[in-house]
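What follows is the content of start.pdb, which has PDB, C-alpha atoms:
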```
ATOM      1  CA  MET A  17     -25.080  -3.324 -42.637
ATOM      2  CA  SER A  18     -25.578  -5.900 -39.903
ATOM      3  CA  THR A  19     -22.201  -7.485 -40.649
ATOM      4  CA  LEU A  20     -20.460  -4.101 -40.527
ATOM      5  CA  ALA A  21     -22.101  -3.279 -37.189
ATOM      6  CA  GLY A  22     -21.262  -6.803 -36.063
ATOM      7  CA  ARG A  23     -17.605  -6.310 -36.941
ATOM      8  CA  ILE A  24     -17.212  -2.949 -35.231
ATOM      9  CA  LEU A  25     -19.361  -3.862 -32.226
ATOM     10  CA  PRO A  26     -19.138  -7.634 -31.787
ATOM     11  CA  HIS A  27     -20.407  -7.364 -28.262
ATOM     12  CA  PRO A  28     -22.578  -4.253 -27.724
ATOM     13  CA  ILE A  29     -23.498  -5.016 -24.108
ATOM     14  CA  LEU A  30     -19.852  -5.525 -23.180
ATOM     15  CA  THR A  31     -19.041  -2.197 -24.860
ATOM     16  CA  LEU A  32     -21.674  -0.419 -22.796
ATOM     17  CA  PHE A  33     -20.555  -2.200 -19.633
ATOM     18  CA  LEU A  34     -16.861  -1.338 -20.140
ATOM     19  CA  THR A  35     -17.725   2.310 -20.786
ATOM     20  CA  VAL A  36     -19.787   2.570 -17.613
ATOM     21  CA  VAL A  37     -17.088   0.801 -15.540
ATOM     22  CA  TRP A  38     -14.441   3.171 -16.940
ATOM     23  CA  ILE A  39     -16.514   6.246 -16.060
ATOM     24  CA  LEU A  40     -17.133   4.882 -12.545
ATOM     25  CA  LEU A  41     -13.434   4.111 -12.099
ATOM     26  CA  GLN A  42     -12.520   7.695 -13.018
ATOM     27  CA  ASN A  43     -15.001   8.916 -10.421
ATOM     28  CA  ASP A  44     -15.263  12.186 -12.299
ATOM     29  CA  PHE A  45     -17.631  12.605 -15.178
ATOM     30  CA  SER A  46     -16.430  14.609 -18.142
ATOM     31  CA  ALA A  47     -17.096  14.319 -21.870
ATOM     32  CA  GLY A  48     -13.449  13.434 -22.597
ATOM     33  CA  MET A  49     -13.491  10.573 -20.115
ATOM     34  CA  ALA A  50     -16.768   9.252 -21.516
ATOM     35  CA  VAL A  51     -15.341   9.288 -25.045
ATOM     36  CA  PHE A  52     -12.144   7.551 -23.912
ATOM     37  CA  GLY A  53     -14.273   4.961 -22.097
ATOM     38  CA  LEU A  54     -16.273   4.424 -25.271
ATOM     39  CA  ILE A  55     -13.046   3.976 -27.272
ATOM     40  CA  LEU A  56     -11.847   1.348 -24.772
ATOM     41  CA  GLY A  57     -15.292  -0.235 -24.883
ATOM     42  CA  ILE A  58     -15.032  -0.596 -28.662
ATOM     43  CA  ILE A  59     -11.371  -1.692 -28.824
ATOM     44  CA  ILE A  60     -11.396  -4.336 -26.059
ATOM     45  CA  PRO A  61     -14.322  -6.428 -27.432
ATOM     46  CA  ALA A  62     -12.936  -6.122 -30.983
ATOM     47  CA  VAL A  63      -9.460  -7.321 -29.934
ATOM     48  CA  THR A  64     -10.782 -10.176 -27.794
ATOM     49  CA  ALA A  65     -13.534 -11.197 -30.258
ATOM     50  CA  ALA A  66     -11.522 -14.246 -31.367
ATOM     51  CA  TRP A  67     -11.825 -15.703 -27.858
ATOM     52  CA  TRP A  68     -15.619 -15.464 -27.759
ATOM     53  CA  PRO A  69     -16.574 -18.602 -29.643
ATOM     54  CA  ASP A  70     -20.254 -18.625 -28.656
ATOM     55  CA  ARG A  71     -21.125 -14.986 -28.440
ATOM     56  CA  PRO A  72     -24.251 -14.561 -26.308
ATOM     57  CA  ARG A  73     -27.225 -13.706 -28.472
ATOM     58  CA  GLY A  74     -29.372 -10.708 -27.597
ATOM     59  CA  ILE A  75     -30.996 -10.555 -24.201
ATOM     60  CA  LYS A  76     -34.192  -8.723 -23.356
ATOM     61  CA  LEU A  77     -32.856  -5.724 -21.469
ATOM     62  CA  GLY A  78     -36.214  -4.569 -20.059
ATOM     63  CA  LYS A  79     -36.990  -7.990 -18.608
ATOM     64  CA  PHE A  80     -33.434  -8.233 -17.338
ATOM     65  CA  MET A  81     -33.835  -4.980 -15.377
ATOM     66  CA  LEU A  82     -37.081  -6.299 -13.836
ATOM     67  CA  TYR A  83     -35.252  -9.515 -12.934
ATOM     68  CA  PHE A  84     -32.424  -7.473 -11.384
ATOM     69  CA  PHE A  85     -34.827  -5.562  -9.101
ATOM     70  CA  LEU A  86     -36.611  -8.792  -8.176
ATOM     71  CA  VAL A  87     -33.273 -10.319  -7.156
ATOM     72  CA  VAL A  88     -32.223  -7.239  -5.150
ATOM     73  CA  TRP A  89     -35.535  -7.349  -3.276
ATOM     74  CA  ASP A  90     -35.144 -11.104  -2.659
ATOM     75  CA  ILE A  91     -31.598 -10.549  -1.366
ATOM     76  CA  ILE A  92     -32.837  -8.072   1.242
ATOM     77  CA  VAL A  93     -35.716 -10.317   2.345
ATOM     78  CA  ALA A  94     -33.439 -13.365   2.377
ATOM     79  CA  ASN A  95     -30.873 -11.600   4.513
ATOM     80  CA  VAL A  96     -33.457 -10.828   7.166
ATOM     81  CA  GLN A  97     -34.669 -14.438   7.093
ATOM     82  CA  VAL A  98     -31.168 -15.900   7.321
ATOM     83  CA  ALA A  99     -30.202 -13.428  10.053
ATOM     84  CA  TRP A 100     -33.295 -14.519  11.986
ATOM     85  CA  ILE A 101     -32.361 -18.198  11.586
ATOM     86  CA  VAL A 102     -28.766 -17.468  12.690
ATOM     87  CA  LEU A 103     -29.869 -15.615  15.810
ATOM     88  CA  THR A 104     -32.831 -17.705  16.977
ATOM     89  CA  ARG A 105     -32.614 -21.277  15.661
ATOM     90  CA  PRO A 106     -30.471 -23.787  17.571
ATOM     91  CA  ASN A 107     -28.248 -25.967  15.382
ATOM     92  CA  SER A 108     -30.184 -29.141  16.225
ATOM     93  CA  LYS A 109     -33.402 -27.653  14.812
ATOM     94  CA  LEU A 110     -31.863 -26.761  11.434
ATOM     95  CA  ARG A 111     -32.918 -28.862   8.484
ATOM     96  CA  PRO A 112     -30.108 -28.488   5.937
ATOM     97  CA  CYS A 113     -30.420 -30.586   2.785
ATOM     98  CA  TRP A 114     -29.118 -31.041  -0.749
ATOM     99  CA  VAL A 115     -31.395 -30.041  -3.598
ATOM    100  CA  VAL A 116     -30.970 -31.215  -7.185
ATOM    101  CA  VAL A 117     -32.300 -28.681  -9.692
ATOM    102  CA  PRO A 118     -32.699 -30.071 -13.232
ATOM    103  CA  LEU A 119     -31.904 -27.302 -15.703
ATOM    104  CA  GLU A 120     -33.878 -26.298 -18.770
ATOM    105  CA  LEU A 121     -31.493 -23.413 -19.521
ATOM    106  CA  ARG A 122     -28.748 -24.279 -21.970
ATOM    107  CA  THR A 123     -26.666 -21.116 -22.459
ATOM    108  CA  PRO A 124     -23.660 -20.848 -20.102
ATOM    109  CA  GLU A 125     -24.410 -17.179 -19.346
ATOM    110  CA  ALA A 126     -27.946 -17.967 -18.211
ATOM    111  CA  ILE A 127     -26.774 -20.876 -16.035
ATOM    112  CA  ALA A 128     -24.060 -18.686 -14.482
ATOM    113  CA  ILE A 129     -26.600 -15.954 -13.655
ATOM    114  CA  LEU A 130     -29.001 -18.536 -12.203
ATOM    115  CA  ALA A 131     -26.222 -20.041 -10.058
ATOM    116  CA  GLY A 132     -25.167 -16.607  -8.814
ATOM    117  CA  THR A 133     -28.760 -15.676  -8.028
ATOM    118  CA  ILE A 134     -29.258 -18.878  -6.041
ATOM    119  CA  THR A 135     -26.133 -18.224  -3.979
ATOM    120  CA  LEU A 136     -27.143 -14.634  -3.205
ATOM    121  CA  THR A 137     -30.753 -15.436  -2.170
ATOM    122  CA  PRO A 138     -32.747 -17.226   0.606
ATOM    123  CA  GLY A 139     -30.603 -19.715   2.485
ATOM    124  CA  THR A 140     -29.381 -21.506  -0.623
ATOM    125  CA  VAL A 141     -25.865 -21.945  -2.036
ATOM    126  CA  THR A 142     -24.995 -23.358  -5.453
ATOM    127  CA  ALA A 143     -22.455 -26.087  -4.840
ATOM    128  CA  ASP A 144     -21.871 -27.781  -8.171
ATOM    129  CA  LEU A 145     -22.910 -28.380 -11.758
ATOM    130  CA  SER A 146     -23.391 -31.897 -13.096
ATOM    131  CA  SER A 147     -20.719 -33.247 -15.427
ATOM    132  CA  GLU A 148     -22.718 -32.578 -18.605
ATOM    133  CA  GLY A 149     -24.377 -29.416 -17.302
ATOM    134  CA  HIS A 150     -27.962 -30.679 -16.988
ATOM    135  CA  SER A 151     -28.479 -30.083 -13.259
ATOM    136  CA  LEU A 152     -27.353 -27.805 -10.466
ATOM    137  CA  LEU A 153     -26.502 -29.007  -6.974
ATOM    138  CA  VAL A 154     -27.866 -26.580  -4.386
ATOM    139  CA  HIS A 155     -27.433 -26.668  -0.634
ATOM    140  CA  ALA A 156     -30.335 -25.298   1.424
ATOM    141  CA  LEU A 157     -29.787 -24.041   4.957
ATOM    142  CA  ASP A 158     -33.245 -24.758   6.277
ATOM    143  CA  ALA A 159     -35.888 -26.388   4.082
ATOM    144  CA  GLU A 160     -39.026 -28.361   4.805
ATOM    145  CA  SER A 161     -38.538 -30.457   1.690
ATOM    146  CA  PRO A 162     -36.014 -30.349  -1.179
ATOM    147  CA  ASP A 163     -38.859 -30.428  -3.734
ATOM    148  CA  GLU A 164     -40.307 -27.183  -2.445
ATOM    149  CA  VAL A 165     -36.956 -25.377  -2.797
ATOM    150  CA  ARG A 166     -36.476 -26.824  -6.283
ATOM    151  CA  ASP A 167     -39.924 -25.739  -7.459
ATOM    152  CA  GLN A 168     -39.402 -22.256  -6.048
ATOM    153  CA  ILE A 169     -36.070 -21.825  -7.863
ATOM    154  CA  LYS A 170     -37.504 -23.137 -11.123
ATOM    155  CA  ASP A 171     -40.618 -21.007 -10.954
ATOM    156  CA  ARG A 172     -39.164 -17.778  -9.593
ATOM    157  CA  TYR A 173     -35.817 -17.523 -11.366
ATOM    158  CA  GLU A 174     -35.348 -20.090 -14.113
ATOM    159  CA  ARG A 175     -38.660 -19.299 -15.833
ATOM    160  CA  ARG A 176     -37.749 -15.593 -15.971
ATOM    161  CA  LEU A 177     -34.209 -16.284 -17.200
ATOM    162  CA  LYS A 178     -35.607 -18.475 -19.963
ATOM    163  CA  GLU A 179     -37.657 -15.513 -21.156
ATOM    164  CA  ILE A 180     -34.665 -13.146 -20.920
ATOM    165  CA  PHE A 181     -32.355 -15.426 -22.905
ATOM    166  CA  ALA A 182     -35.063 -16.644 -25.295
TER     167      ALA A 182
ATOM    168  CA  MET B  14     -34.839  19.769   9.227
ATOM    169  CA  THR B  15     -32.398  20.528   6.446
ATOM    170  CA  ALA B  16     -31.374  18.282   3.598
ATOM    171  CA  THR B  17     -28.033  17.693   5.295
ATOM    172  CA  SER B  18     -29.570  16.375   8.478
ATOM    173  CA  ILE B  19     -31.903  14.054   6.550
ATOM    174  CA  GLY B  20     -28.795  12.822   4.740
ATOM    175  CA  GLU B  21     -27.070  12.311   8.077
ATOM    176  CA  PHE B  22     -29.921  10.176   9.373
ATOM    177  CA  ALA B  23     -29.864   8.104   6.175
ATOM    178  CA  ILE B  24     -26.094   7.569   6.599
ATOM    179  CA  ILE B  25     -26.540   6.541  10.230
ATOM    180  CA  ALA B  26     -29.333   4.123   9.299
ATOM    181  CA  CYS B  27     -27.174   2.517   6.584
ATOM    182  CA  LEU B  28     -24.169   2.217   8.916
ATOM    183  CA  LEU B  29     -26.221   0.608  11.689
ATOM    184  CA  PHE B  30     -27.956  -1.757   9.252
ATOM    185  CA  GLY B  31     -24.615  -2.777   7.712
ATOM    186  CA  ALA B  32     -22.924  -3.216  11.078
ATOM    187  CA  LEU B  33     -25.831  -5.308  12.383
ATOM    188  CA  PHE B  34     -25.753  -7.672   9.415
ATOM    189  CA  SER B  35     -21.958  -7.986   9.495
ATOM    190  CA  VAL B  36     -22.143  -8.998  13.168
ATOM    191  CA  VAL B  37     -24.893 -11.531  12.436
ATOM    192  CA  GLY B  38     -22.740 -12.971   9.629
ATOM    193  CA  ALA B  39     -19.808 -13.366  12.019
ATOM    194  CA  ILE B  40     -22.040 -14.968  14.675
ATOM    195  CA  GLY B  41     -23.361 -17.415  12.079
ATOM    196  CA  LEU B  42     -19.841 -18.344  11.052
ATOM    197  CA  VAL B  43     -19.012 -19.255  14.659
ATOM    198  CA  LYS B  44     -22.355 -20.818  15.548
ATOM    199  CA  PHE B  45     -23.041 -23.288  12.746
ATOM    200  CA  ASP B  46     -21.397 -26.649  13.124
ATOM    201  CA  ASN B  47     -20.688 -28.017   9.690
ATOM    202  CA  PRO B  48     -18.880 -26.560   6.677
ATOM    203  CA  MET B  49     -21.891 -26.399   4.364
ATOM    204  CA  THR B  50     -24.256 -24.613   6.769
ATOM    205  CA  ARG B  51     -21.397 -22.375   7.840
ATOM    206  CA  LEU B  52     -21.061 -21.259   4.229
ATOM    207  CA  HIS B  53     -24.540 -19.686   4.337
ATOM    208  CA  ALA B  54     -23.837 -17.023   6.957
ATOM    209  CA  PRO B  55     -21.019 -15.026   5.317
ATOM    210  CA  THR B  56     -22.186 -15.365   1.688
ATOM    211  CA  LYS B  57     -25.545 -13.727   2.284
ATOM    212  CA  VAL B  58     -25.506 -11.752   5.478
ATOM    213  CA  GLY B  59     -21.980 -10.540   4.748
ATOM    214  CA  THR B  60     -22.794  -9.221   1.281
ATOM    215  CA  LEU B  61     -25.752  -7.162   2.479
ATOM    216  CA  GLY B  62     -23.706  -5.941   5.457
ATOM    217  CA  VAL B  63     -20.839  -4.735   3.302
ATOM    218  CA  GLY B  64     -23.335  -3.493   0.678
ATOM    219  CA  SER B  65     -25.104  -1.155   3.049
ATOM    220  CA  LEU B  66     -21.816   0.081   4.574
ATOM    221  CA  LEU B  67     -20.740   1.037   1.046
ATOM    222  CA  LEU B  68     -24.143   2.647   0.438
ATOM    223  CA  ALA B  69     -23.470   4.752   3.525
ATOM    224  CA  ALA B  70     -20.145   5.776   1.962
ATOM    225  CA  VAL B  71     -21.908   6.814  -1.286
ATOM    226  CA  LEU B  72     -24.479   8.842   0.674
ATOM    227  CA  HIS B  73     -21.736  10.482   2.721
ATOM    228  CA  ALA B  74     -19.926  11.539  -0.426
ATOM    229  CA  TRP B  75     -23.115  13.022  -1.889
ATOM    230  CA  VAL B  76     -24.166  14.836   1.286
ATOM    231  CA  TYR B  77     -20.751  16.325   2.062
ATOM    232  CA  GLY B  78     -18.901  17.686  -0.930
ATOM    233  CA  ASP B  79     -18.670  16.121  -4.349
ATOM    234  CA  GLY B  80     -20.483  12.954  -5.255
ATOM    235  CA  SER B  81     -18.687   9.673  -5.702
ATOM    236  CA  MET B  82     -19.868   6.475  -7.349
ATOM    237  CA  HIS B  83     -16.692   4.408  -6.860
ATOM    238  CA  GLN B  84     -18.363   2.370  -4.151
ATOM    239  CA  LEU B  85     -21.003   1.070  -6.549
ATOM    240  CA  LEU B  86     -18.227  -0.707  -8.444
ATOM    241  CA  ILE B  87     -17.079  -2.368  -5.227
ATOM    242  CA  VAL B  88     -20.647  -3.559  -4.591
ATOM    243  CA  VAL B  89     -20.928  -4.938  -8.118
ATOM    244  CA  PHE B  90     -17.613  -6.815  -7.926
ATOM    245  CA  LEU B  91     -18.482  -8.115  -4.463
ATOM    246  CA  PHE B  92     -21.816  -9.483  -5.665
ATOM    247  CA  VAL B  93     -20.200 -11.061  -8.714
ATOM    248  CA  THR B  94     -17.312 -12.694  -6.825
ATOM    249  CA  ALA B  95     -19.089 -13.839  -3.624
ATOM    250  CA  PRO B  96     -20.978 -16.709  -5.338
ATOM    251  CA  ILE B  97     -17.751 -17.906  -6.957
ATOM    252  CA  SER B  98     -15.812 -18.176  -3.697
ATOM    253  CA  ALA B  99     -18.842 -19.860  -2.081
ATOM    254  CA  ASN B 100     -18.907 -22.301  -4.986
ATOM    255  CA  PHE B 101     -15.223 -23.159  -4.537
ATOM    256  CA  ILE B 102     -15.573 -23.709  -0.778
ATOM    257  CA  ALA B 103     -18.548 -25.981  -1.474
ATOM    258  CA  LYS B 104     -16.520 -27.930  -4.059
ATOM    259  CA  VAL B 105     -13.699 -28.410  -1.554
ATOM    260  CA  SER B 106     -16.049 -29.761   1.103
ATOM    261  CA  ILE B 107     -17.642 -32.165  -1.408
ATOM    262  CA  HIS B 108     -14.157 -33.359  -2.346
ATOM    263  CA  HIS B 109     -12.977 -33.828   1.225
ATOM    264  CA  LYS B 110     -16.273 -35.509   2.135
ATOM    265  CA  THR B 111     -16.693 -33.227   5.150
ATOM    266  CA  CYS B 112     -20.408 -32.930   4.325
ATOM    267  CA  GLU B 113     -23.157 -35.399   3.521
ATOM    268  CA  THR B 114     -22.665 -37.023   0.148
ATOM    269  CA  PRO B 115     -24.872 -35.179  -2.368
ATOM    270  CA  PRO B 116     -27.607 -37.124  -4.201
ATOM    271  CA  PRO B 117     -26.842 -38.075  -7.815
ATOM    272  CA  PRO B 118     -27.895 -35.589 -10.535
ATOM    273  CA  ALA B 119     -31.102 -36.122 -12.486
ATOM    274  CA  LYS B 120     -29.810 -36.784 -16.014
ATOM    275  CA  ASP B 121     -26.022 -36.950 -15.976
ATOM    276  CA  LYS B 122     -23.605 -39.471 -14.518
ATOM    277  CA  THR B 123     -22.120 -37.466 -11.679
ATOM    278  CA  TRP B 124     -21.309 -33.979 -10.391
ATOM    279  CA  ALA B 125     -18.531 -32.080 -12.112
ATOM    280  CA  THR B 126     -16.438 -31.953  -8.932
ATOM    281  CA  LEU B 127     -16.554 -35.731  -8.504
ATOM    282  CA  ASP B 128     -15.942 -36.389 -12.192
ATOM    283  CA  THR B 129     -12.238 -37.156 -11.882
ATOM    284  CA  PRO B 130     -10.198 -40.000 -13.358
ATOM    285  CA  GLU B 131      -9.470 -42.603 -10.696
TER     286      GLU B 131
END
```
Could you render the structure from this file as structure tokens?
Amino acid sequence: MSTLAGRILPHPILTLFLTVVWILLQNDFSAGMAVFGLILGIIIPAVTAAWWPDRPRGIKLGKFMLYFFLVVWDIIVANVQVAWIVLTRPNSKLRPCWVVVPLELRTPEAIAILAGTITLTPGTVTADLSSEGHSLLVHALDAESPDEVRDQIKDRYERRLKEIFA
Amino acid sequence: MTATSIGEFAIIACLLFGALFSVVGAIGLVKFDNPMTRLHAPTKVGTLGVGSLLLAAVLHAWVYGDGSMHQLLIVVFLFVTAPISANFIAKVSIHHKTCETPPPPAKDKTWATLDTPE
């Protein structure tokens, strides 16, 4: 049963995602379009399954949605903060610094989401990954100390991602 | 106060918000003085600016005539691709040594960008 479902739907989240993208692309919701989207969503993952060597294991969708809203909120707050820094802080008073974030996450998907989150939120940009993938290099626009930024990233985002990809 | 005029005010608010943040992003790009700090202005302020302009477009489509969700796709692709271009610009400035040299990573030998055969 599980192997049959696994063969037809090797990648259920991708199937759902492709269907939704197809419906949005059509910009016109009708049953026929939804069914065609679903067919594409089943065929594309099945055809490309051979190129997914380490298929991501299940994620906790409920926690992921909470994480998504947290990130959207942080993006809005961060934008106001960065805009304020841009408009009011002279360049000489900025305290940019490099931050090294040691990673506990091991799955590539989780690390990619963490890196994207860091780039989209408060005055931080992900610059690089270490050669073996055990740390992230982050550049902070204005930080009192690198340790504070590192602890905030680890506590606010990495801890939640670890639960999502557990 | 009809539904349409409430919608109009929401559209205006989104447009102004988006325009404001886009301008701030552009100012930041001009104002900052080194490549790494300069990277911060467009990646964040720009995404929210464009995001709320597109939100205004969605609202406009819903208030006048038939609804449209196309713009949501643009927002999604923008938010997925912005970190990647920021990452590549950062890699280039590490390579060209136009920024301070980053500290070594905690466990591994070096950063992936600098891990090149001599």
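Minimum atom-to-atom distances from A:Phe33, A:Val87, A:Pro61, A:Ala99 to B:Ser35 were compared using all atoms listed in the file, and the lowest value belongs to A:Ala99.
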(message) Once the PyMOL selection byres ((chain B) within 6 of (chain A)) is applied to the coordinates I shared, what remains selected? I want it as JSON, numbers by chain.
(response) {"B": [41, 50, 57, 58, 83, 96, 100, 103, 123, 124, 125]}
(request) Specify as a list in words each residue included when the PyMOL selection byres ((chain A and resi 54) around 9) is applied to this file. (result)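 When the PyMOL selection byres ((chain A and resi 54) around 9) is applied, the selected residues are Thr31, Leu32, Leu34, Thr35, Val36, Trp38, Met49, Ala50, Val51, Phe52, Gly53, Ile55, Leu56, Gly57, Ile58 and Ile59 of chain A.
Atom pair atom CA of B:Gly31 / atom CA of B:Phe90: separated by 17.6 Å.
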(request) Kindly give the distance, in Å, that separates atom CA of B:Val88 and atom CA of B:Ile102, rounded to a single decimal. (result) 21.1 Å
(request) Measuring atom to atom with only C-alpha atoms, identify which of B:Met82, B:Leu67, B:Val76, B:Ala119 is nearest to B:Ala16. (result)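 Residue with the minimum atom-to-atom distance to B:Ala16: B:Val76.
Residues in contact with B:Leu33 at 12 Å, where only C-alpha atoms are counted and same-chain residues fewer than 3 positions away are skipped, are listed as A:Asn95, A:Val96, A:Ala99, A:Trp100, A:Leu103, B:Ala26, B:Cys27, B:Leu28, B:Leu29, B:Phe30, B:Val36, B:Val37, B:Gly38, B:Ala39, B:Ile40, B:Val58, B:Gly59, B:Leu61, B:Gly62, B:Val63, B:Ser65, B:Leu66.
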Taking C-alpha atoms for each residue, export the selection above as a PDB file, in the coordinates of the input.
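And here is the file that came out, again.pdb:
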```pdb
ATOM      1  CA  ASN A  95     -30.873 -11.600   4.513  1.00  0.00           C
ATOM      2  CA  VAL A  96     -33.457 -10.828   7.166  1.00  0.00           C
ATOM      3  CA  ALA A  99     -30.202 -13.428  10.053  1.00  0.00           C
ATOM      4  CA  TRP A 100     -33.295 -14.519  11.986  1.00  0.00           C
ATOM      5  CA  LEU A 103     -29.869 -15.615  15.810  1.00  0.00           C
TER       6      LEU A 103
ATOM      7  CA  ALA B  26     -29.333   4.123   9.299  1.00  0.00           C
ATOM      8  CA  CYS B  27     -27.174   2.517   6.584  1.00  0.00           C
ATOM      9  CA  LEU B  28     -24.169   2.217   8.916  1.00  0.00           C
ATOM     10  CA  LEU B  29     -26.221   0.608  11.689  1.00  0.00           C
ATOM     11  CA  PHE B  30     -27.956  -1.757   9.252  1.00  0.00           C
ATOM     12  CA  VAL B  36     -22.143  -8.998  13.168  1.00  0.00           C
ATOM     13  CA  VAL B  37     -24.893 -11.531  12.436  1.00  0.00           C
ATOM     14  CA  GLY B  38     -22.740 -12.971   9.629  1.00  0.00           C
ATOM     15  CA  ALA B  39     -19.808 -13.366  12.019  1.00  0.00           C
ATOM     16  CA  ILE B  40     -22.040 -14.968  14.675  1.00  0.00           C
ATOM     17  CA  VAL B  58     -25.506 -11.752   5.478  1.00  0.00           C
ATOM     18  CA  GLY B  59     -21.980 -10.540   4.748  1.00  0.00           C
ATOM     19  CA  LEU B  61     -25.752  -7.162   2.479  1.00  0.00           C
ATOM     20  CA  GLY B  62     -23.706  -5.941   5.457  1.00  0.00           C
ATOM     21  CA  VAL B  63     -20.839  -4.735   3.302  1.00  0.00           C
ATOM     22  CA  SER B  65     -25.104  -1.155   3.049  1.00  0.00           C
ATOM     23  CA  LEU B  66     -21.816   0.081   4.574  1.00  0.00           C
TER      24      LEU B  66
END
```
Place N, CA and C atoms on stretch 37-49 of chain B and deliver the coordinates as a PDB file, in the frame of the given file.
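See part35.pdb below for the written result:
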```
ATOM      1  N   VAL B  37     -24.120 -10.286  12.541  1.00  0.00           N
ATOM      2  CA  VAL B  37     -24.893 -11.531  12.436  1.00  0.00           C
ATOM      3  C   VAL B  37     -24.146 -12.553  11.572  1.00  0.00           C
ATOM      4  N   GLY B  38     -23.523 -12.076  10.478  1.00  0.00           N
ATOM      5  CA  GLY B  38     -22.740 -12.971   9.629  1.00  0.00           C
ATOM      6  C   GLY B  38     -21.613 -13.629  10.404  1.00  0.00           C
ATOM      7  N   ALA B  39     -20.919 -12.833  11.227  1.00  0.00           N
ATOM      8  CA  ALA B  39     -19.808 -13.366  12.019  1.00  0.00           C
ATOM      9  C   ALA B  39     -20.317 -14.368  13.053  1.00  0.00           C
ATOM     10  N   ILE B  40     -21.472 -14.038  13.691  1.00  0.00           N
ATOM     11  CA  ILE B  40     -22.040 -14.968  14.675  1.00  0.00           C
ATOM     12  C   ILE B  40     -22.387 -16.297  13.999  1.00  0.00           C
ATOM     13  N   GLY B  41     -22.995 -16.203  12.807  1.00  0.00           N
ATOM     14  CA  GLY B  41     -23.361 -17.415  12.079  1.00  0.00           C
ATOM     15  C   GLY B  41     -22.152 -18.275  11.774  1.00  0.00           C
ATOM     16  N   LEU B  42     -21.068 -17.619  11.388  1.00  0.00           N
ATOM     17  CA  LEU B  42     -19.841 -18.344  11.052  1.00  0.00           C
ATOM     18  C   LEU B  42     -19.337 -19.136  12.247  1.00  0.00           C
ATOM     19  N   VAL B  43     -19.475 -18.570  13.448  1.00  0.00           N
ATOM     20  CA  VAL B  43     -19.012 -19.255  14.659  1.00  0.00           C
ATOM     21  C   VAL B  43     -20.022 -20.305  15.100  1.00  0.00           C
ATOM     22  N   LYS B  44     -21.316 -19.985  14.946  1.00  0.00           N
ATOM     23  CA  LYS B  44     -22.355 -20.818  15.548  1.00  0.00           C
ATOM     24  C   LYS B  44     -22.602 -22.130  14.802  1.00  0.00           C
ATOM     25  N   PHE B  45     -22.695 -22.074  13.500  1.00  0.00           N
ATOM     26  CA  PHE B  45     -23.041 -23.288  12.746  1.00  0.00           C
ATOM     27  C   PHE B  45     -21.944 -24.325  12.900  1.00  0.00           C
ATOM     28  N   ASP B  46     -22.346 -25.614  12.739  1.00  0.00           N
ATOM     29  CA  ASP B  46     -21.397 -26.649  13.124  1.00  0.00           C
ATOM     30  C   ASP B  46     -20.905 -27.516  11.979  1.00  0.00           C
ATOM     31  N   ASN B  47     -21.347 -27.256  10.759  1.00  0.00           N
ATOM     32  CA  ASN B  47     -20.688 -28.017   9.690  1.00  0.00           C
ATOM     33  C   ASN B  47     -20.387 -27.116   8.504  1.00  0.00           C
ATOM     34  N   PRO B  48     -19.390 -27.493   7.692  1.00  0.00           N
ATOM     35  CA  PRO B  48     -18.880 -26.560   6.677  1.00  0.00           C
ATOM     36  C   PRO B  48     -19.943 -26.031   5.721  1.00  0.00           C
ATOM     37  N   MET B  49     -20.915 -26.864   5.343  1.00  0.00           N
ATOM     38  CA  MET B  49     -21.891 -26.399   4.364  1.00  0.00           C
ATOM     39  C   MET B  49     -22.861 -25.371   4.951  1.00  0.00           C
TER      40      MET B  49
END
```
